file input.txt (compact mmCIF, C-alpha atoms)
# COMPACT_ATOMS: atom_id res chain seq x y z
CA MET A 1 135.85 44.94 151.01
CA ALA A 2 135.14 48.32 149.39
CA ALA A 3 134.00 51.14 151.65
CA PRO A 4 130.32 51.99 151.30
CA MET A 5 129.68 54.91 149.01
CA ARG A 6 128.58 58.05 150.84
CA ILE A 7 125.40 59.61 149.57
CA ARG A 8 125.53 63.38 149.52
CA GLN A 9 122.54 64.86 151.25
CA PRO A 10 120.76 67.68 149.42
CA ARG A 11 121.15 71.13 150.97
CA ASN A 12 118.09 72.58 152.58
CA PHE A 13 117.52 76.30 152.01
CA ARG A 14 115.21 78.50 154.00
CA ASP A 15 112.63 80.35 151.99
CA ARG A 16 113.55 84.01 151.64
CA LYS A 17 110.84 86.55 152.20
CA ASP A 18 110.52 89.25 149.54
CA VAL A 19 110.08 92.02 152.07
CA LEU A 20 110.53 94.86 149.60
CA ASN A 21 107.38 93.81 147.76
CA GLU A 22 105.45 92.24 150.62
CA LEU A 23 105.78 94.99 153.24
CA SER A 24 104.38 98.51 153.08
CA ASP A 25 106.62 101.56 153.45
CA ALA A 26 105.35 101.99 157.01
CA GLU A 27 106.29 98.39 157.86
CA LEU A 28 109.69 98.75 156.20
CA ILE A 29 110.43 101.91 158.16
CA LYS A 30 109.43 100.21 161.41
CA ARG A 31 111.84 97.36 160.72
CA TYR A 32 114.69 98.97 158.77
CA TRP A 33 114.20 102.74 159.39
CA LEU A 34 114.01 103.38 155.63
CA ASP A 35 111.20 103.19 153.10
CA ARG A 36 111.47 101.16 149.90
CA ALA A 37 112.90 104.02 147.85
CA GLY A 38 115.45 104.74 150.58
CA ILE A 39 116.51 101.09 150.74
CA MET A 40 116.96 101.03 146.96
CA LEU A 41 118.96 104.29 147.13
CA VAL A 42 121.38 102.74 149.65
CA THR A 43 121.60 99.55 147.60
CA ASP A 44 122.44 101.45 144.43
CA LEU A 45 125.30 103.24 146.23
CA VAL A 46 127.15 99.92 146.63
CA ARG A 47 125.46 97.57 144.17
CA GLU A 48 128.57 96.98 142.05
CA ARG A 49 130.75 96.24 145.07
CA ILE A 50 128.42 93.80 146.82
CA THR A 51 127.01 91.89 143.85
CA ASN A 52 128.24 88.27 143.92
CA GLN A 53 130.20 87.20 140.87
CA THR A 54 128.41 83.88 140.63
CA GLU A 55 125.61 82.24 138.70
CA ARG A 56 124.25 80.38 141.71
CA SER A 57 120.53 80.76 142.06
CA ARG A 58 120.77 81.09 145.86
CA ALA A 59 123.35 83.90 145.90
CA VAL A 60 122.43 86.70 148.30
CA THR A 61 121.24 89.71 146.31
CA PRO A 62 122.54 93.26 146.95
CA GLU A 63 119.08 94.25 148.19
CA MET A 64 119.10 91.39 150.69
CA LYS A 65 122.59 92.34 151.90
CA VAL A 66 121.48 95.91 152.53
CA LEU A 67 118.31 94.77 154.32
CA VAL A 68 120.29 92.47 156.61
CA THR A 69 122.76 95.28 157.40
CA LEU A 70 120.01 97.83 158.05
CA ARG A 71 118.25 95.39 160.37
CA TYR A 72 121.45 94.86 162.33
CA LEU A 73 122.13 98.59 162.65
CA ALA A 74 118.52 99.25 163.70
CA THR A 75 118.54 96.57 166.42
CA GLY A 76 122.18 95.83 167.24
CA LYS A 77 121.32 92.12 167.23
CA MET A 78 122.68 89.85 164.51
CA GLN A 79 120.45 86.97 165.62
CA LEU A 80 117.38 89.02 164.71
CA CYS A 81 118.67 89.31 161.13
CA SER A 82 118.68 85.53 160.61
CA GLY A 83 115.41 85.06 162.45
CA ASP A 84 113.59 87.64 160.34
CA ASP A 85 112.46 85.33 157.50
CA LEU A 86 115.10 86.95 155.30
CA GLY A 87 116.69 83.55 154.72
CA PRO A 88 120.47 83.82 155.33
CA SER A 89 122.08 81.68 158.01
CA GLN A 90 123.84 83.27 160.98
CA GLN A 91 127.22 82.70 159.31
CA THR A 92 126.02 84.33 156.11
CA VAL A 93 124.55 87.24 158.06
CA SER A 94 127.92 88.01 159.66
CA ARG A 95 129.72 87.87 156.31
CA VAL A 96 127.08 89.97 154.54
CA ILE A 97 127.15 92.70 157.21
CA THR A 98 130.95 92.91 157.06
CA GLU A 99 130.92 93.17 153.27
CA THR A 100 128.17 95.79 153.13
CA LEU A 101 129.61 97.96 155.90
CA PHE A 102 132.99 98.00 154.17
CA ALA A 103 131.37 99.12 150.91
CA LEU A 104 129.21 101.82 152.53
CA SER A 105 132.02 103.28 154.65
CA ARG A 106 134.26 104.23 151.73
CA ASN A 107 135.12 107.93 151.64
CA GLU A 108 133.63 108.43 148.18
CA ILE A 109 130.27 107.28 149.58
CA LEU A 110 130.39 109.10 152.93
CA SER A 111 131.50 112.39 151.37
CA GLN A 112 128.22 112.57 149.48
CA TYR A 113 126.29 112.91 152.75
CA PHE A 114 128.59 114.94 155.02
CA LYS A 115 128.75 118.51 153.69
CA PHE A 116 130.37 121.08 155.96
CA PRO A 117 129.35 124.65 155.01
CA VAL A 118 132.23 126.70 153.61
CA THR A 119 130.52 129.08 151.16
CA LEU A 120 129.07 132.36 152.33
CA GLU A 121 125.60 131.33 151.15
CA ASN A 122 125.62 127.99 152.98
CA CYS A 123 127.04 129.49 156.16
CA HIS A 124 124.37 132.21 156.14
CA THR A 125 121.62 129.59 155.76
CA LYS A 126 122.95 127.54 158.69
CA ALA A 127 123.35 130.65 160.85
CA VAL A 128 119.78 131.80 160.20
CA ASP A 129 118.47 128.39 161.29
CA PHE A 130 120.47 128.49 164.52
CA GLN A 131 119.62 132.10 165.33
CA GLN A 132 115.94 131.21 165.41
CA ILE A 133 116.59 128.96 168.44
CA ALA A 134 117.84 131.55 170.95
CA GLY A 135 119.03 134.58 169.02
CA PHE A 136 122.68 133.48 168.97
CA PRO A 137 124.24 134.88 165.75
CA GLY A 138 126.81 133.38 163.39
CA VAL A 139 126.48 129.69 164.40
CA ILE A 140 126.92 127.07 161.67
CA GLY A 141 127.25 123.97 163.86
CA THR A 142 127.34 122.55 167.38
CA ILE A 143 130.08 120.12 168.36
CA ASP A 144 130.45 117.49 171.06
CA GLY A 145 131.84 114.04 171.76
CA THR A 146 129.86 110.91 172.52
CA HIS A 147 131.03 107.48 173.62
CA VAL A 148 129.97 104.33 171.80
CA ARG A 149 130.44 101.27 173.99
CA ILE A 150 132.49 98.35 172.62
CA THR A 151 133.81 95.02 173.84
CA ALA A 152 137.36 95.06 175.22
CA PRO A 153 139.77 95.00 172.24
CA LYS A 154 142.68 92.57 172.21
CA GLU A 155 145.26 95.28 171.46
CA PHE A 156 145.84 98.46 173.50
CA GLU A 157 142.88 97.54 175.70
CA ALA A 158 143.61 100.14 178.42
CA GLU A 159 143.46 103.02 175.91
CA TYR A 160 139.79 102.28 175.23
CA VAL A 161 138.69 102.60 178.89
CA ASN A 162 136.93 105.95 179.24
CA ARG A 163 136.23 108.10 182.30
CA LYS A 164 133.13 106.03 183.11
CA ARG A 165 135.34 102.94 183.18
CA TYR A 166 133.96 101.09 180.18
CA HIS A 167 135.52 100.45 176.77
CA SER A 168 134.43 102.83 174.04
CA ILE A 169 135.15 104.81 170.90
CA ASN A 170 135.03 108.57 171.52
CA VAL A 171 133.16 110.05 168.56
CA GLN A 172 133.31 113.73 167.61
CA VAL A 173 130.19 114.93 165.82
CA VAL A 174 128.90 118.26 164.49
CA PHE A 175 125.17 118.91 163.92
CA ASP A 176 123.35 121.73 162.19
CA ALA A 177 120.08 123.20 163.48
CA THR A 178 118.01 120.64 161.57
CA TYR A 179 119.85 117.78 163.33
CA ARG A 180 121.73 116.84 160.21
CA ILE A 181 125.31 115.65 160.75
CA LEU A 182 127.87 117.95 159.13
CA ASP A 183 131.04 116.16 160.22
CA ILE A 184 131.98 113.06 162.20
CA VAL A 185 135.26 111.63 163.50
CA ALA A 186 135.04 108.01 164.66
CA ARG A 187 138.48 106.55 165.28
CA TRP A 188 139.74 107.56 168.72
CA PRO A 189 139.86 105.32 171.83
CA GLY A 190 137.60 106.20 174.72
CA SER A 191 140.40 107.56 176.93
CA VAL A 192 141.27 110.34 174.47
CA HIS A 193 140.10 113.82 175.49
CA ASP A 194 137.58 115.71 173.31
CA ALA A 195 140.02 118.61 172.97
CA ARG A 196 142.71 116.38 171.50
CA ILE A 197 140.30 114.83 168.99
CA LEU A 198 139.39 118.33 167.83
CA ARG A 199 143.03 119.43 167.67
CA GLU A 200 143.93 116.49 165.42
CA SER A 201 140.81 116.76 163.24
CA SER A 202 140.49 118.19 159.75
CA LEU A 203 138.06 120.78 161.14
CA ASN A 204 140.88 122.36 163.11
CA GLN A 205 143.76 121.70 160.76
CA VAL A 206 142.07 122.25 157.39
CA VAL A 207 138.53 123.65 157.38
CA PHE A 208 139.05 126.42 159.95
CA GLY A 209 142.85 126.24 160.13
CA ARG A 210 143.20 127.21 156.45
CA GLY A 211 140.42 129.77 156.51
CA MET A 212 137.94 127.84 154.38
CA VAL A 213 135.01 129.15 156.45
CA PRO A 214 134.20 132.89 156.08
CA ASP A 215 135.00 135.10 159.06
CA GLY A 216 132.24 135.65 161.59
CA TYR A 217 130.87 132.09 161.59
CA HIS A 218 131.40 129.72 164.49
CA LEU A 219 130.87 126.36 166.10
CA LEU A 220 129.52 126.13 169.63
CA GLY A 221 131.11 123.70 172.08
CA ASP A 222 131.12 123.03 175.82
CA SER A 223 133.83 124.09 178.25
CA GLY A 224 135.86 120.97 177.50
CA TYR A 225 137.00 122.62 174.28
CA PRO A 226 139.43 125.55 173.96
CA CYS A 227 137.78 128.84 173.09
CA LYS A 228 138.76 130.01 169.61
CA LYS A 229 137.67 132.63 167.11
CA TRP A 230 135.72 129.90 165.36
CA LEU A 231 134.71 127.85 168.42
CA LEU A 232 132.81 129.66 171.15
CA THR A 233 132.55 128.10 174.61
CA PRO A 234 130.58 129.22 177.70
CA TYR A 235 131.98 131.36 180.49
CA LEU A 236 132.88 129.25 183.51
CA ARG A 237 132.01 132.09 185.92
CA PRO A 238 129.81 134.51 183.99
CA GLN A 239 129.18 138.01 185.27
CA PRO A 240 125.57 139.19 185.52
CA GLY A 241 124.41 140.89 182.36
CA PRO A 242 125.82 140.22 178.87
CA GLN A 243 127.97 137.24 179.89
CA SER A 244 125.03 135.50 181.57
CA ASP A 245 122.78 136.29 178.61
CA TYR A 246 125.45 134.85 176.31
CA ASN A 247 125.69 131.68 178.40
CA ARG A 248 121.93 131.16 178.38
CA ALA A 249 121.68 131.55 174.60
CA HIS A 250 124.79 129.40 174.16
CA LYS A 251 123.37 126.57 176.26
CA LYS A 252 120.01 126.57 174.49
CA THR A 253 121.62 126.63 171.04
CA ARG A 254 124.34 124.10 171.83
CA ASN A 255 121.70 121.69 173.11
CA VAL A 256 121.09 120.81 169.44
CA VAL A 257 124.14 118.54 169.44
CA GLU A 258 122.97 116.68 172.55
CA ARG A 259 119.52 116.11 171.09
CA GLY A 260 121.09 115.16 167.75
CA ILE A 261 123.24 112.48 169.35
CA GLY A 262 120.14 111.18 171.11
CA GLN A 263 118.30 110.99 167.80
CA LEU A 264 121.19 109.12 166.16
CA LYS A 265 121.33 106.52 168.91
CA ARG A 266 117.57 106.06 169.02
CA ARG A 267 117.44 105.59 165.28
CA PHE A 268 120.28 103.04 165.21
CA HIS A 269 120.14 100.95 168.34
CA VAL A 270 123.49 99.31 167.61
CA LEU A 271 125.03 102.58 168.91
CA HIS A 272 122.90 102.55 172.05
CA GLY A 273 124.35 99.45 173.66
CA GLU A 274 127.63 97.56 173.39
CA ILE A 275 128.90 96.84 169.88
CA ARG A 276 130.12 93.27 170.03
CA VAL A 277 132.29 93.12 166.92
CA THR A 278 136.01 93.16 166.32
CA PRO A 279 138.34 94.69 165.32
CA THR A 280 137.72 98.29 166.39
CA ALA A 281 138.12 99.43 162.76
CA LYS A 282 134.85 97.63 162.01
CA VAL A 283 133.17 99.43 164.92
CA CYS A 284 134.26 102.74 163.40
CA GLN A 285 132.72 101.68 160.08
CA ILE A 286 129.43 100.98 161.86
CA ILE A 287 129.43 104.42 163.49
CA LYS A 288 130.14 106.30 160.26
CA VAL A 289 127.59 104.31 158.26
CA CYS A 290 124.92 104.97 160.91
CA ALA A 291 125.70 108.68 160.70
CA MET A 292 125.37 108.62 156.92
CA LEU A 293 122.07 106.71 157.11
CA HIS A 294 120.82 109.23 159.69
CA ASN A 295 121.35 111.99 157.12
CA ILE A 296 119.59 109.93 154.45
CA CYS A 297 116.63 109.56 156.82
CA LYS A 298 116.65 113.33 157.31
CA ASP A 299 116.64 113.83 153.54
CA ARG A 300 113.62 111.54 153.28
CA ASN A 301 111.79 113.11 156.25
CA ILE A 302 111.66 109.81 158.13
CA ARG A 303 110.83 110.61 161.74
CA ILE A 304 112.72 109.46 164.79
CA PRO A 305 111.26 106.17 166.06
CA ALA A 306 109.27 106.24 169.28
CA PRO A 307 110.08 103.46 171.79
CA GLU A 308 106.86 101.63 170.91
CA ASP A 309 107.92 101.64 167.23
CA ILE A 310 111.08 99.62 167.86
CA ASP A 311 110.34 96.22 166.34
CA GLU A 312 112.44 94.07 168.65
CA PRO A 313 112.02 92.26 172.00
CA ALA A 314 111.67 94.60 174.97
CA GLU A 315 114.54 92.94 176.83
CA ASP A 316 116.94 94.07 174.12
CA ILE A 317 116.60 97.71 175.16
CA GLU A 318 119.89 98.51 176.87
CA GLU A 319 121.07 101.13 179.33
CA ASP A 320 121.94 104.58 178.01
CA TYR A 321 125.59 104.56 178.93
CA ASP A 322 126.06 108.25 178.14
CA ASN A 323 123.79 108.97 181.13
CA ALA A 324 125.43 106.44 183.47
CA PRO A 325 126.71 107.68 186.84
CA LEU A 326 130.19 109.13 186.71
CA ALA A 327 132.51 106.51 188.20
CA VAL A 328 135.84 108.32 188.00
CA GLN A 329 136.88 111.77 186.85
CA GLN A 330 138.45 112.11 183.42
CA PRO A 331 142.24 112.46 183.74
CA PRO A 332 143.58 115.94 182.96
CA LEU A 333 145.19 116.66 179.63
CA PRO A 334 148.98 116.34 179.52
CA PRO A 335 150.89 119.60 180.06
CA VAL A 336 150.73 121.87 177.02
CA ALA A 337 151.59 125.46 176.26
CA PRO A 338 149.35 128.01 178.00
CA ARG A 339 145.99 128.47 176.28
CA PRO A 340 146.15 131.41 173.86
CA ARG A 341 144.06 134.34 175.05
CA GLU A 342 143.14 135.25 171.48
CA GLY A 343 139.99 133.11 171.59
CA LEU A 344 138.99 134.43 175.02
CA LEU A 345 139.45 138.05 173.95
CA TYR A 346 137.44 137.39 170.80
CA ARG A 347 134.63 135.93 172.92
CA ASP A 348 134.57 139.07 175.10
CA GLU A 349 134.34 141.28 172.01
CA PHE A 350 131.62 139.04 170.57
CA VAL A 351 129.57 139.27 173.79
CA ASN A 352 129.94 143.04 173.98
CA LEU A 353 128.83 143.37 170.37
CA HIS A 354 125.86 140.99 170.38
CA PHE A 355 124.69 140.64 174.00
CA GLU A 356 125.28 144.12 175.43

call {"tool": "encode", "arguments": {"input": "input.txt", "output": "structure tokens"}}
result
Amino acid sequence: MAAPMRIRQPRNFRDRKDVLNELSDAELIKRYWLDRAGIMLVTDLVRERITNQTERSRAVTPEMKVLVTLRYLATGKMQLCSGDDLGPSQQTVSRVITETLFALSRNEILSQYFKFPVTLENCHTKAVDFQQIAGFPGVIGTIDGTHVRITAPKEFEAEYVNRKRYHSINVQVVFDATYRILDIVARWPGSVHDARILRESSLNQVVFGRGMVPDGYHLLGDSGYPCKKWLLTPYLRPQPGPQSDYNRAHKKTRNVVERGIGQLKRRFHVLHGEIRVTPTAKVCQIIKVCAMLHNICKDRNIRIPAPEDIDEPAEDIEEDYDNAPLAVQQPPLPPVAPRPREGLLYRDEFVNLHFE
């Protein structure tokens, strides 16, 4: 007896909402942190790379892929992307986000939005902006590290446990006085010290190491960094007078980087909680793409979202791990050659010249 013929069931597709035409700019910003023109700008950056080579009528469009990715970065929740009337299934959402992040994180895309000042004109402009904060001269950027929480990786798991005893990527970031990101390094495990990340970075080895920045311009960093001619740190035990005045101006000016990191994490909530994706290379893509999108938002004068503007369930707001109680002290750096006094002597001369 012949087996009964199986009847193929027709596929059921969810209706896809045309949010770009149905929502106002204000509604788009609330949901995706970009207006329509901004969304189209991001889409055009990667359109060729994320356009499906198929004639299927239900293929996910480049605009839809970017919307899904922006929604994920804004909320940190993939399930919200598929439950947003955008149409794609959860499986499609995951694939689309991976594809779009890979396209957006290419160096030729990122380099368009991270511009470190190296000309005399650009350095002067940055320094004028910073000097208006607390009178500190010659500053073109403020530098710090911030930890982005991740799930425990399968390889080299212990290296990703930071001093607060959770798994993370330690991200080095430089902001200018307008809270625009000038440079970002997102590839080091959470256990790596800020000073080592700086030492291995192109800022140290190329930009400042090869004299690309004119003399007399500096970064400001905290006491975790070595003091250099181009990186000024605070005095650990300042004397009354010029050194104390220097420290006060330094603290107020350097606070830009702390506020900038806060803005970045508020704008893209995926960075605020635990990023539950693997491998860690994909996490680093997420961090760099969020930084690039932050700069695009700055270019478009899109304000930082207030808590009441976050269009997601209240229970999804997670703890700010950067402000968590300190569980264990960070291990000391491995023994190295004595710190050169050149940077310390330069700092003394700088203080005597500008804060006397």

call {"tool": "closest_residue", "arguments": {"input": "input.txt", "among": "A:Ala177, A:Leu344, A:Ala127, A:Ile304", "to": "Cys227 in chain A", "atoms": "only C-alpha atoms"}}
result
A:Leu344

call {"tool": "residues_around", "arguments": {"input": "input.txt", "residues": "range 233-249 of chain A", "least_positions_apart": "4", "cutoff": "12 Å", "atoms": "only C-alpha atoms", "output": "number ranges by chain"}}
result
A: 130-137, 139, 142-144, 218-229, 253-256, 343-356

call {"tool": "atom_distance", "arguments": {"input": "input.txt", "atom1": "CA of Gly145 in chain A", "atom2": "CA of Gln263 in chain A"}}
result
14.4 Å

call {"tool": "atom_distance", "arguments": {"input": "input.txt", "atom1": "CA of Cys297 in chain A", "atom2": "CA of Leu34 in chain A"}}
result
6.8 Å

call {"tool": "atom_distance", "arguments": {"input": "input.txt", "atom1": "CA of Val96 in chain A", "atom2": "CA of Arg71 in chain A"}}
result
11.9 Å

call {"tool": "residues_around", "arguments": {"input": "input.txt", "residues": "range 191-206 of chain A", "least_positions_apart": "5", "cutoff": "9 Å", "atoms": "only C-alpha atoms", "output": "PyMOL selection string"}}
result
chain A and resi 144-145+158-163+167-172+183+185+211-212+224-226+330-333

call {"tool": "write_last_selection", "arguments": {"input": "input.txt", "atoms": "C-alpha atoms", "output": "PDB file, in the coordinates of the input"}}
result
ATOM      1  CA  ASP A 144     130.450 117.490 171.060  1.00  0.00           C
ATOM      2  CA  GLY A 145     131.840 114.040 171.760  1.00  0.00           C
ATOM      3  CA  ALA A 158     143.610 100.140 178.420  1.00  0.00           C
ATOM      4  CA  GLU A 159     143.460 103.020 175.910  1.00  0.00           C
ATOM      5  CA  TYR A 160     139.790 102.280 175.230  1.00  0.00           C
ATOM      6  CA  VAL A 161     138.690 102.600 178.890  1.00  0.00           C
ATOM      7  CA  ASN A 162     136.930 105.950 179.240  1.00  0.00           C
ATOM      8  CA  ARG A 163     136.230 108.100 182.300  1.00  0.00           C
ATOM      9  CA  HIS A 167     135.520 100.450 176.770  1.00  0.00           C
ATOM     10  CA  SER A 168     134.430 102.830 174.040  1.00  0.00           C
ATOM     11  CA  ILE A 169     135.150 104.810 170.900  1.00  0.00           C
ATOM     12  CA  ASN A 170     135.030 108.570 171.520  1.00  0.00           C
ATOM     13  CA  VAL A 171     133.160 110.050 168.560  1.00  0.00           C
ATOM     14  CA  GLN A 172     133.310 113.730 167.610  1.00  0.00           C
ATOM     15  CA  ASP A 183     131.040 116.160 160.220  1.00  0.00           C
ATOM     16  CA  VAL A 185     135.260 111.630 163.500  1.00  0.00           C
ATOM     17  CA  GLY A 211     140.420 129.770 156.510  1.00  0.00           C
ATOM     18  CA  MET A 212     137.940 127.840 154.380  1.00  0.00           C
ATOM     19  CA  GLY A 224     135.860 120.970 177.500  1.00  0.00           C
ATOM     20  CA  TYR A 225     137.000 122.620 174.280  1.00  0.00           C
ATOM     21  CA  PRO A 226     139.430 125.550 173.960  1.00  0.00           C
ATOM     22  CA  GLN A 330     138.450 112.110 183.420  1.00  0.00           C
ATOM     23  CA  PRO A 331     142.240 112.460 183.740  1.00  0.00           C
ATOM     24  CA  PRO A 332     143.580 115.940 182.960  1.00  0.00           C
ATOM     25  CA  LEU A 333     145.190 116.660 179.630  1.00  0.00           C
TER      26      LEU A 333
END

call {"tool": "residues_around", "arguments": {"input": "input.txt", "residues": "Ile140 in chain A", "least_positions_apart": "5", "cutoff": "12 Å", "atoms": "all atoms listed in the file", "output": "PyMOL selection string"}}
result
chain A and resi 115-131+174-183+213-221+230-232+253-254+256-257

call {"tool": "closest_residue", "arguments": {"input": "input.txt", "among": "A:Val173, A:Val283, A:Trp33, A:Gln53", "to": "Thr75 in chain A", "atoms": "all atoms listed in the file"}}
result
A:Trp33

call {"tool": "closest_residue", "arguments": {"input": "input.txt", "among": "A:Val60, A:Arg149, A:Thr100, A:Gln91", "to": "Gly273 in chain A", "atoms": "only C-alpha atoms"}}
result
A:Arg149

call {"tool": "residues_around", "arguments": {"input": "input.txt", "residues": "Ile302 in chain A", "least_positions_apart": "6", "cutoff": "12 Å", "atoms": "only C-alpha atoms", "output": "MDAnalysis selection string"}}
result
chainID A and resid 25:26 28:30 32:38 263 267 293:296

call {"tool": "axis_aligned_box", "arguments": {"input": "input.txt", "around": "range 132-138 of chain A", "padding_each_side": "8 Å", "output": "lines of an AutoDock Vina configuration file"}}
result
center_x = 121.4
center_y = 131.9
center_z = 167.2
size_x = 26.9
size_y = 21.9
size_z = 23.6

call {"tool": "decode", "arguments": {"input": "input.txt", "residues": "range 211-236 of chain A", "atoms": "C-alpha atoms", "output": "short mmCIF file (atom, residue, chain, number, x, y, z; two decimals), in the first residue's frame"}}
result
data_model
loop_
_atom_site.label_atom_id
_atom_site.label_comp_id
_atom_site.auth_asym_id
_atom_site.auth_seq_id
_atom_site.Cartn_x
_atom_site.Cartn_y
_atom_site.Cartn_z
CA GLY A 211 54.73 62.80 17.55
CA MET A 212 51.58 63.15 15.46
CA VAL A 213 50.04 65.52 18.03
CA PRO A 214 51.64 69.01 18.32
CA ASP A 215 53.62 69.70 21.48
CA GLY A 216 51.75 71.29 24.37
CA TYR A 217 48.52 69.31 23.99
CA HIS A 218 47.52 66.58 26.42
CA LEU A 219 45.08 63.96 27.56
CA LEU A 220 43.86 63.91 31.15
CA GLY A 221 43.67 60.60 33.01
CA ASP A 222 43.29 59.37 36.58
CA SER A 223 46.09 58.14 38.82
CA GLY A 224 45.83 54.63 37.38
CA TYR A 225 47.73 55.86 34.33
CA PRO A 226 51.43 56.78 34.18
CA CYS A 227 52.10 60.51 34.01
CA LYS A 228 53.58 61.50 30.65
CA LYS A 229 54.28 64.67 28.71
CA TRP A 230 51.08 64.01 26.81
CA LEU A 231 49.04 62.43 29.62
CA LEU A 232 48.61 64.45 32.79
CA THR A 233 47.48 62.73 35.98
CA PRO A 234 46.59 64.19 39.42
CA TYR A 235 48.99 64.52 42.32
CA LEU A 236 48.45 61.75 44.86
#
